Amino acid sequence: MKKLGLKLTISTIVLSTLLIVKVNAQPINIGGGVVIGTDRPNIGLKLNGTYGMGFLLENLSASAAFTLFVPSTTVNTTYNRWGVDIDGHYKFYEMSEFEFYALGGLNIASYTAKTTILGTSTRVSGTKPGFNAGVGAIYNFGDKMKAFSEFKYVMSSYDQAEITFGVLFEL
């Protein structure tokens with residue numbers, strides 16, 4: 001009898017949570033853009049998603065992003081890099097169609113440098129965690145489309161500043 005009561009209680013909590021989430025649906029945006037970084041490789045493409053966190057704090061949203069930098073080659077060395085970012089955004093100012101926000105979060109970056117000299121290759125690579133801090137702006141084109149720009153600094157073993165320009169579409 002206790003197991004039935006426990007199952008019924010858990011089922012009720014799960015269903016109530018699903019109904020509350022459906023009723024209080026938060027905005028979800030998906031998009032991407034171009035990233036310009038200060039370290040090699042310099043140019044990348046970003047896939048980005050944001051989720052409104054108004055149920056916690058009115059001006060808060062969360063963002064998850066994957067950035068793949070275009071490999072670059074100098075005389076003997078090829079550089080590769082990718083990163084995953086989980087950020088919190090806090091909107092601190094709004095002006096007509098613009099929204100300005102501060103951002104902070106976690107970063108995981110992978111970096112590889114392969115050097116070839118006289119047919120002999122050496123490879124240095126690693127994946128390291130880090131932190132993000134920066135600011136961003138969103139321009140609302142309409143109900144379903146937004147342009148965004150961010151400047152952030154990634155603090156880790158693979159430090160770099162990044163500027164991103166992109167577009168988000170509301171689902």
# chains A, B, ... in the order shown; residues from 1 in each chain; ligands from 1
$ residues_around --residues "stretch 128-135 of chain A" --least-positions-apart "3" --cutoff "7 Å" --atoms "only C-alpha atoms" --output "PyMOL selection string"
chain A and resi 101-110+150-157
$ select_by_dssp --residues "stretch 35-165 of chain A" --states "strand (DSSP E)" --output "PyMOL selection string"
chain A and resi 35-37+43-52+60-69+72-73+77-95+98-117+120-140+145-155+160-165
$ select_by_dssp --residues "stretch 9-137 of chain A" --states "helix (DSSP H, G or I)" --output "list in words"
Thr9, Ile10, Ser11, Thr12, Ile13, Val14, Leu15, Ser16, Thr17, Leu18, Leu19, Ile20, Val21, Lys22 and Val23 of chain A
$ write_last_selection --atoms "N, CA and C atoms" --output "PDB file, in the first residue's frame"
ATOM      1  N   THR A   9       1.864   9.741  -5.510  1.00  0.00           N
ATOM      2  CA  THR A   9       2.401  11.052  -5.148  1.00  0.00           C
ATOM      3  C   THR A   9       3.407  11.533  -6.187  1.00  0.00           C
ATOM      4  N   ILE A  10       4.332  10.661  -6.597  1.00  0.00           N
ATOM      5  CA  ILE A  10       5.342  11.034  -7.595  1.00  0.00           C
ATOM      6  C   ILE A  10       4.675  11.357  -8.929  1.00  0.00           C
ATOM      7  N   SER A  11       3.701  10.549  -9.335  1.00  0.00           N
ATOM      8  CA  SER A  11       2.980  10.796 -10.587  1.00  0.00           C
ATOM      9  C   SER A  11       2.268  12.142 -10.552  1.00  0.00           C
ATOM     10  N   THR A  12       1.640  12.466  -9.435  1.00  0.00           N
ATOM     11  CA  THR A  12       0.940  13.742  -9.286  1.00  0.00           C
ATOM     12  C   THR A  12       1.923  14.911  -9.381  1.00  0.00           C
ATOM     13  N   ILE A  13       3.074  14.792  -8.748  1.00  0.00           N
ATOM     14  CA  ILE A  13       4.081  15.859  -8.794  1.00  0.00           C
ATOM     15  C   ILE A  13       4.595  16.052 -10.216  1.00  0.00           C
ATOM     16  N   VAL A  14       4.903  14.957 -10.910  1.00  0.00           N
ATOM     17  CA  VAL A  14       5.411  15.049 -12.278  1.00  0.00           C
ATOM     18  C   VAL A  14       4.369  15.683 -13.198  1.00  0.00           C
ATOM     19  N   LEU A  15       3.118  15.234 -13.138  1.00  0.00           N
ATOM     20  CA  LEU A  15       2.068  15.795 -13.987  1.00  0.00           C
ATOM     21  C   LEU A  15       1.819  17.267 -13.665  1.00  0.00           C
ATOM     22  N   SER A  16       1.824  17.624 -12.393  1.00  0.00           N
ATOM     23  CA  SER A  16       1.635  19.025 -12.009  1.00  0.00           C
ATOM     24  C   SER A  16       2.760  19.890 -12.544  1.00  0.00           C
ATOM     25  N   THR A  17       3.984  19.390 -12.454  1.00  0.00           N
ATOM     26  CA  THR A  17       5.135  20.132 -12.961  1.00  0.00           C
ATOM     27  C   THR A  17       5.025  20.333 -14.460  1.00  0.00           C
ATOM     28  N   LEU A  18       4.644  19.287 -15.185  1.00  0.00           N
ATOM     29  CA  LEU A  18       4.495  19.411 -16.636  1.00  0.00           C
ATOM     30  C   LEU A  18       3.420  20.425 -17.002  1.00  0.00           C
ATOM     31  N   LEU A  19       2.301  20.424 -16.277  1.00  0.00           N
ATOM     32  CA  LEU A  19       1.237  21.383 -16.555  1.00  0.00           C
ATOM     33  C   LEU A  19       1.678  22.803 -16.239  1.00  0.00           C
ATOM     34  N   ILE A  20       2.384  22.989 -15.146  1.00  0.00           N
ATOM     35  CA  ILE A  20       2.872  24.324 -14.780  1.00  0.00           C
ATOM     36  C   ILE A  20       3.863  24.822 -15.820  1.00  0.00           C
ATOM     37  N   VAL A  21       4.779  23.952 -16.272  1.00  0.00           N
ATOM     38  CA  VAL A  21       5.751  24.353 -17.284  1.00  0.00           C
ATOM     39  C   VAL A  21       5.036  24.721 -18.579  1.00  0.00           C
ATOM     40  N   LYS A  22       4.005  23.969 -18.962  1.00  0.00           N
ATOM     41  CA  LYS A  22       3.266  24.252 -20.187  1.00  0.00           C
ATOM     42  C   LYS A  22       2.527  25.580 -20.073  1.00  0.00           C
ATOM     43  N   VAL A  23       1.906  25.840 -18.930  1.00  0.00           N
ATOM     44  CA  VAL A  23       1.162  27.080 -18.735  1.00  0.00           C
ATOM     45  C   VAL A  23       2.100  28.274 -18.689  1.00  0.00           C
TER      46      VAL A  23
END
$ atom_distance --atom1 "atom CA of A:Gly32" --atom2 "atom CA of A:Thr164"
9.2 Å
$ closest_residue --among "A:Asn80, A:Gln26, A:Asn48, A:Thr74" --to "A:Leu60" --atoms "only C-alpha atoms"
A:Gln26
$ residues_around --residues "A:Gly142" --least-positions-apart "5" --cutoff "12 Å" --atoms "only C-alpha atoms" --output "compact mmCIF listing (two decimals) with C-alpha atoms, in the first residue's frame"
# COMPACT_ATOMS: atom_id res chain seq x y z
CA GLU A 97 13.92 47.53 -29.81
CA PHE A 98 17.29 46.95 -28.04
CA ALA A 147 19.87 39.90 -34.09
CA LEU A 168 18.09 34.04 -33.16
CA PHE A 169 14.66 32.68 -34.08
CA GLU A 170 11.94 32.16 -31.49
$ closest_residue --among "A:Lys146, A:Leu171, A:Glu58, A:Tyr93" --to "A:Pro27" --atoms "only C-alpha atoms"
A:Leu171
$ residues_around --residues "A:Phe66" --least-positions-apart "3" --cutoff "12 Å" --atoms "only C-alpha atoms" --output "VMD selection string"
chain A and resid 30 to 35 44 to 49 63 69 81 to 87 107 to 110
$ write_last_selection --atoms "C-alpha atoms" --output "mmCIF file, in the first residue's frame"
data_model
loop_
_atom_site.group_PDB
_atom_site.id
_atom_site.type_symbol
_atom_site.label_atom_id
_atom_site.label_comp_id
_atom_site.auth_asym_id
_atom_site.auth_seq_id
_atom_site.Cartn_x
_atom_site.Cartn_y
_atom_site.Cartn_z
ATOM 1 C CA ILE A 30 17.621 28.971 -31.621
ATOM 2 C CA GLY A 31 20.151 30.473 -34.006
ATOM 3 C CA GLY A 32 23.762 31.022 -34.759
ATOM 4 C CA GLY A 33 26.396 33.387 -35.937
ATOM 5 C CA VAL A 34 29.994 34.210 -36.681
ATOM 6 C CA VAL A 35 32.656 34.411 -33.957
ATOM 7 C CA GLY A 44 34.381 30.372 -36.073
ATOM 8 C CA LEU A 45 30.734 29.470 -36.429
ATOM 9 C CA LYS A 46 28.411 29.342 -33.423
ATOM 10 C CA LEU A 47 25.193 27.396 -32.864
ATOM 11 C CA ASN A 48 23.291 29.052 -30.033
ATOM 12 C CA GLY A 49 20.115 28.489 -28.024
ATOM 13 C CA SER A 63 22.175 30.192 -23.068
ATOM 14 C CA PHE A 69 36.515 27.502 -35.220
ATOM 15 C CA ARG A 81 39.620 24.699 -31.624
ATOM 16 C CA TRP A 82 36.048 24.163 -30.468
ATOM 17 C CA GLY A 83 34.159 25.297 -27.388
ATOM 18 C CA VAL A 84 30.939 24.706 -25.472
ATOM 19 C CA ASP A 85 29.468 27.541 -23.393
ATOM 20 C CA ILE A 86 26.713 27.479 -20.760
ATOM 21 C CA ASP A 87 25.912 31.069 -19.790
ATOM 22 C CA ASN A 107 33.243 27.101 -20.917
ATOM 23 C CA ILE A 108 34.832 23.859 -22.078
ATOM 24 C CA ALA A 109 37.384 24.340 -24.855
ATOM 25 C CA SER A 110 39.430 21.897 -26.895
#
$ atom_distance --atom1 "atom CA of A:Thr115" --atom2 "atom CA of A:Asn42"
17.9 Å
$ closest_residue --among "A:Leu57, A:Val75, A:Val70, A:Ala65" --to "A:Asp39" --atoms "only C-alpha atoms"
A:Val70
$ residues_around --residues "stretch 120-122 of chain A" --least-positions-apart "6" --cutoff "12 Å" --atoms "only C-alpha atoms" --output "ChimeraX atom specification"
/A:76-78,112-114
$ write_last_selection --atoms "C-alpha atoms" --output "short mmCIF file (atom, residue, chain, number, x, y, z; two decimals), in the first residue's frame"
data_model
loop_
_atom_site.label_atom_id
_atom_site.label_comp_id
_atom_site.auth_asym_id
_atom_site.auth_seq_id
_atom_site.Cartn_x
_atom_site.Cartn_y
_atom_site.Cartn_z
CA ASN A 76 54.24 24.52 -40.40
CA THR A 77 51.41 24.44 -37.87
CA THR A 78 47.68 23.72 -38.12
CA THR A 112 44.94 21.18 -31.02
CA ALA A 113 48.15 22.36 -32.67
CA LYS A 114 49.89 20.03 -35.13
#
$ decode --residues "stretch 6-152 of chain A" --atoms "C-alpha atoms" --output "PDB file, in the first residue's frame"
ATOM      1  CA  LEU A   6       4.448   6.778  -3.234  1.00  0.00           C
ATOM      2  CA  LYS A   7       3.863   6.097  -6.951  1.00  0.00           C
ATOM      3  CA  LEU A   8       0.667   8.136  -6.902  1.00  0.00           C
ATOM      4  CA  THR A   9       2.401  11.052  -5.148  1.00  0.00           C
ATOM      5  CA  ILE A  10       5.342  11.034  -7.595  1.00  0.00           C
ATOM      6  CA  SER A  11       2.980  10.796 -10.587  1.00  0.00           C
ATOM      7  CA  THR A  12       0.940  13.742  -9.286  1.00  0.00           C
ATOM      8  CA  ILE A  13       4.081  15.859  -8.794  1.00  0.00           C
ATOM      9  CA  VAL A  14       5.411  15.049 -12.278  1.00  0.00           C
ATOM     10  CA  LEU A  15       2.068  15.795 -13.987  1.00  0.00           C
ATOM     11  CA  SER A  16       1.635  19.025 -12.009  1.00  0.00           C
ATOM     12  CA  THR A  17       5.135  20.132 -12.961  1.00  0.00           C
ATOM     13  CA  LEU A  18       4.495  19.411 -16.636  1.00  0.00           C
ATOM     14  CA  LEU A  19       1.237  21.383 -16.555  1.00  0.00           C
ATOM     15  CA  ILE A  20       2.872  24.324 -14.780  1.00  0.00           C
ATOM     16  CA  VAL A  21       5.751  24.353 -17.284  1.00  0.00           C
ATOM     17  CA  LYS A  22       3.266  24.252 -20.187  1.00  0.00           C
ATOM     18  CA  VAL A  23       1.162  27.080 -18.735  1.00  0.00           C
ATOM     19  CA  ASN A  24       4.214  29.208 -17.911  1.00  0.00           C
ATOM     20  CA  ALA A  25       6.084  28.483 -21.143  1.00  0.00           C
ATOM     21  CA  GLN A  26       9.270  30.484 -21.412  1.00  0.00           C
ATOM     22  CA  PRO A  27      10.651  31.762 -24.739  1.00  0.00           C
ATOM     23  CA  ILE A  28      13.089  29.474 -26.514  1.00  0.00           C
ATOM     24  CA  ASN A  29      15.352  30.891 -29.237  1.00  0.00           C
ATOM     25  CA  ILE A  30      17.621  28.971 -31.621  1.00  0.00           C
ATOM     26  CA  GLY A  31      20.151  30.473 -34.006  1.00  0.00           C
ATOM     27  CA  GLY A  32      23.762  31.022 -34.759  1.00  0.00           C
ATOM     28  CA  GLY A  33      26.396  33.387 -35.937  1.00  0.00           C
ATOM     29  CA  VAL A  34      29.994  34.210 -36.681  1.00  0.00           C
ATOM     30  CA  VAL A  35      32.656  34.411 -33.957  1.00  0.00           C
ATOM     31  CA  ILE A  36      35.885  36.384 -34.163  1.00  0.00           C
ATOM     32  CA  GLY A  37      38.485  35.388 -31.560  1.00  0.00           C
ATOM     33  CA  THR A  38      41.863  36.735 -30.531  1.00  0.00           C
ATOM     34  CA  ASP A  39      43.698  33.378 -30.534  1.00  0.00           C
ATOM     35  CA  ARG A  40      44.327  30.907 -33.343  1.00  0.00           C
ATOM     36  CA  PRO A  41      42.137  29.924 -35.080  1.00  0.00           C
ATOM     37  CA  ASN A  42      40.413  33.315 -35.217  1.00  0.00           C
ATOM     38  CA  ILE A  43      37.142  32.755 -37.117  1.00  0.00           C
ATOM     39  CA  GLY A  44      34.381  30.372 -36.073  1.00  0.00           C
ATOM     40  CA  LEU A  45      30.734  29.470 -36.429  1.00  0.00           C
ATOM     41  CA  LYS A  46      28.411  29.342 -33.423  1.00  0.00           C
ATOM     42  CA  LEU A  47      25.193  27.396 -32.864  1.00  0.00           C
ATOM     43  CA  ASN A  48      23.291  29.052 -30.033  1.00  0.00           C
ATOM     44  CA  GLY A  49      20.115  28.489 -28.024  1.00  0.00           C
ATOM     45  CA  THR A  50      18.545  30.584 -25.269  1.00  0.00           C
ATOM     46  CA  TYR A  51      15.817  29.837 -22.751  1.00  0.00           C
ATOM     47  CA  GLY A  52      13.916  32.464 -20.760  1.00  0.00           C
ATOM     48  CA  MET A  53      14.237  31.941 -17.018  1.00  0.00           C
ATOM     49  CA  GLY A  54      11.488  34.386 -16.019  1.00  0.00           C
ATOM     50  CA  PHE A  55      10.145  31.890 -13.490  1.00  0.00           C
ATOM     51  CA  LEU A  56      13.300  32.479 -11.406  1.00  0.00           C
ATOM     52  CA  LEU A  57      13.998  36.147 -12.089  1.00  0.00           C
ATOM     53  CA  GLU A  58      12.248  38.435 -14.578  1.00  0.00           C
ATOM     54  CA  ASN A  59      15.345  39.549 -16.513  1.00  0.00           C
ATOM     55  CA  LEU A  60      17.198  36.226 -16.471  1.00  0.00           C
ATOM     56  CA  SER A  61      17.796  33.784 -19.340  1.00  0.00           C
ATOM     57  CA  ALA A  62      20.113  30.841 -19.956  1.00  0.00           C
ATOM     58  CA  SER A  63      22.175  30.192 -23.068  1.00  0.00           C
ATOM     59  CA  ALA A  64      23.950  27.137 -24.438  1.00  0.00           C
ATOM     60  CA  ALA A  65      26.299  27.395 -27.415  1.00  0.00           C
ATOM     61  CA  PHE A  66      28.693  25.301 -29.477  1.00  0.00           C
ATOM     62  CA  THR A  67      31.451  27.097 -31.381  1.00  0.00           C
ATOM     63  CA  LEU A  68      33.561  25.443 -34.050  1.00  0.00           C
ATOM     64  CA  PHE A  69      36.515  27.502 -35.220  1.00  0.00           C
ATOM     65  CA  VAL A  70      37.681  27.163 -38.820  1.00  0.00           C
ATOM     66  CA  PRO A  71      41.121  25.464 -38.744  1.00  0.00           C
ATOM     67  CA  SER A  72      43.976  27.809 -39.584  1.00  0.00           C
ATOM     68  CA  THR A  73      47.477  27.022 -40.797  1.00  0.00           C
ATOM     69  CA  THR A  74      50.671  29.007 -40.505  1.00  0.00           C
ATOM     70  CA  VAL A  75      53.922  27.915 -42.147  1.00  0.00           C
ATOM     71  CA  ASN A  76      54.244  24.519 -40.398  1.00  0.00           C
ATOM     72  CA  THR A  77      51.405  24.443 -37.871  1.00  0.00           C
ATOM     73  CA  THR A  78      47.681  23.715 -38.119  1.00  0.00           C
ATOM     74  CA  TYR A  79      45.432  24.973 -35.298  1.00  0.00           C
ATOM     75  CA  ASN A  80      41.987  23.572 -34.381  1.00  0.00           C
ATOM     76  CA  ARG A  81      39.620  24.699 -31.624  1.00  0.00           C
ATOM     77  CA  TRP A  82      36.048  24.163 -30.468  1.00  0.00           C
ATOM     78  CA  GLY A  83      34.159  25.297 -27.388  1.00  0.00           C
ATOM     79  CA  VAL A  84      30.939  24.706 -25.472  1.00  0.00           C
ATOM     80  CA  ASP A  85      29.468  27.541 -23.393  1.00  0.00           C
ATOM     81  CA  ILE A  86      26.713  27.479 -20.760  1.00  0.00           C
ATOM     82  CA  ASP A  87      25.912  31.069 -19.790  1.00  0.00           C
ATOM     83  CA  GLY A  88      23.453  33.052 -17.742  1.00  0.00           C
ATOM     84  CA  HIS A  89      22.214  36.366 -19.191  1.00  0.00           C
ATOM     85  CA  TYR A  90      20.880  39.193 -17.047  1.00  0.00           C
ATOM     86  CA  LYS A  91      19.090  41.956 -18.970  1.00  0.00           C
ATOM     87  CA  PHE A  92      20.033  45.225 -17.297  1.00  0.00           C
ATOM     88  CA  TYR A  93      18.740  47.821 -19.794  1.00  0.00           C
ATOM     89  CA  GLU A  94      16.039  48.074 -22.462  1.00  0.00           C
ATOM     90  CA  MET A  95      15.666  50.833 -25.058  1.00  0.00           C
ATOM     91  CA  SER A  96      12.973  50.662 -27.784  1.00  0.00           C
ATOM     92  CA  GLU A  97      13.924  47.534 -29.806  1.00  0.00           C
ATOM     93  CA  PHE A  98      17.286  46.948 -28.038  1.00  0.00           C
ATOM     94  CA  GLU A  99      18.035  44.841 -24.961  1.00  0.00           C
ATOM     95  CA  PHE A 100      21.421  44.917 -23.210  1.00  0.00           C
ATOM     96  CA  TYR A 101      22.617  42.119 -20.937  1.00  0.00           C
ATOM     97  CA  ALA A 102      25.566  40.949 -18.872  1.00  0.00           C
ATOM     98  CA  LEU A 103      26.673  37.354 -19.219  1.00  0.00           C
ATOM     99  CA  GLY A 104      28.663  34.902 -17.175  1.00  0.00           C
ATOM    100  CA  GLY A 105      29.091  31.172 -17.291  1.00  0.00           C
ATOM    101  CA  LEU A 106      31.144  28.072 -17.905  1.00  0.00           C
ATOM    102  CA  ASN A 107      33.243  27.101 -20.917  1.00  0.00           C
ATOM    103  CA  ILE A 108      34.832  23.859 -22.078  1.00  0.00           C
ATOM    104  CA  ALA A 109      37.384  24.340 -24.855  1.00  0.00           C
ATOM    105  CA  SER A 110      39.430  21.897 -26.895  1.00  0.00           C
ATOM    106  CA  TYR A 111      42.578  23.030 -28.653  1.00  0.00           C
ATOM    107  CA  THR A 112      44.938  21.184 -31.017  1.00  0.00           C
ATOM    108  CA  ALA A 113      48.149  22.357 -32.673  1.00  0.00           C
ATOM    109  CA  LYS A 114      49.887  20.026 -35.127  1.00  0.00           C
ATOM    110  CA  THR A 115      53.377  21.001 -36.308  1.00  0.00           C
ATOM    111  CA  THR A 116      55.138  19.275 -39.194  1.00  0.00           C
ATOM    112  CA  ILE A 117      58.861  19.864 -39.793  1.00  0.00           C
ATOM    113  CA  LEU A 118      60.801  17.802 -42.333  1.00  0.00           C
ATOM    114  CA  GLY A 119      58.132  15.098 -42.368  1.00  0.00           C
ATOM    115  CA  THR A 120      58.040  14.753 -38.566  1.00  0.00           C
ATOM    116  CA  SER A 121      54.771  15.716 -36.882  1.00  0.00           C
ATOM    117  CA  THR A 122      54.237  16.749 -33.286  1.00  0.00           C
ATOM    118  CA  ARG A 123      50.810  17.295 -31.831  1.00  0.00           C
ATOM    119  CA  VAL A 124      49.797  19.263 -28.748  1.00  0.00           C
ATOM    120  CA  SER A 125      46.170  19.058 -27.643  1.00  0.00           C
ATOM    121  CA  GLY A 126      43.912  19.275 -24.638  1.00  0.00           C
ATOM    122  CA  THR A 127      40.449  20.034 -23.336  1.00  0.00           C
ATOM    123  CA  LYS A 128      40.121  22.472 -20.447  1.00  0.00           C
ATOM    124  CA  PRO A 129      37.278  24.064 -18.459  1.00  0.00           C
ATOM    125  CA  GLY A 130      37.016  27.800 -17.975  1.00  0.00           C
ATOM    126  CA  PHE A 131      34.742  30.748 -17.227  1.00  0.00           C
ATOM    127  CA  ASN A 132      33.035  33.355 -19.444  1.00  0.00           C
ATOM    128  CA  ALA A 133      32.276  36.976 -18.647  1.00  0.00           C
ATOM    129  CA  GLY A 134      30.987  39.665 -20.968  1.00  0.00           C
ATOM    130  CA  VAL A 135      28.140  41.768 -22.327  1.00  0.00           C
ATOM    131  CA  GLY A 136      25.686  41.491 -25.187  1.00  0.00           C
ATOM    132  CA  ALA A 137      22.934  43.272 -27.075  1.00  0.00           C
ATOM    133  CA  ILE A 138      19.811  42.029 -28.837  1.00  0.00           C
ATOM    134  CA  TYR A 139      17.870  43.879 -31.527  1.00  0.00           C
ATOM    135  CA  ASN A 140      14.266  42.690 -31.947  1.00  0.00           C
ATOM    136  CA  PHE A 141      13.337  42.650 -35.652  1.00  0.00           C
ATOM    137  CA  GLY A 142       9.872  41.329 -34.901  1.00  0.00           C
ATOM    138  CA  ASP A 143       8.055  38.701 -32.893  1.00  0.00           C
ATOM    139  CA  LYS A 144      10.108  35.739 -34.126  1.00  0.00           C
ATOM    140  CA  MET A 145      13.541  37.097 -35.183  1.00  0.00           C
ATOM    141  CA  LYS A 146      16.333  38.823 -33.266  1.00  0.00           C
ATOM    142  CA  ALA A 147      19.875  39.898 -34.092  1.00  0.00           C
ATOM    143  CA  PHE A 148      22.461  39.632 -31.321  1.00  0.00           C
ATOM    144  CA  SER A 149      26.027  40.663 -30.649  1.00  0.00           C
ATOM    145  CA  GLU A 150      28.231  39.607 -27.735  1.00  0.00           C
ATOM    146  CA  PHE A 151      31.659  40.441 -26.422  1.00  0.00           C
ATOM    147  CA  LYS A 152      33.060  38.003 -23.891  1.00  0.00           C
TER     148      LYS A 152
END
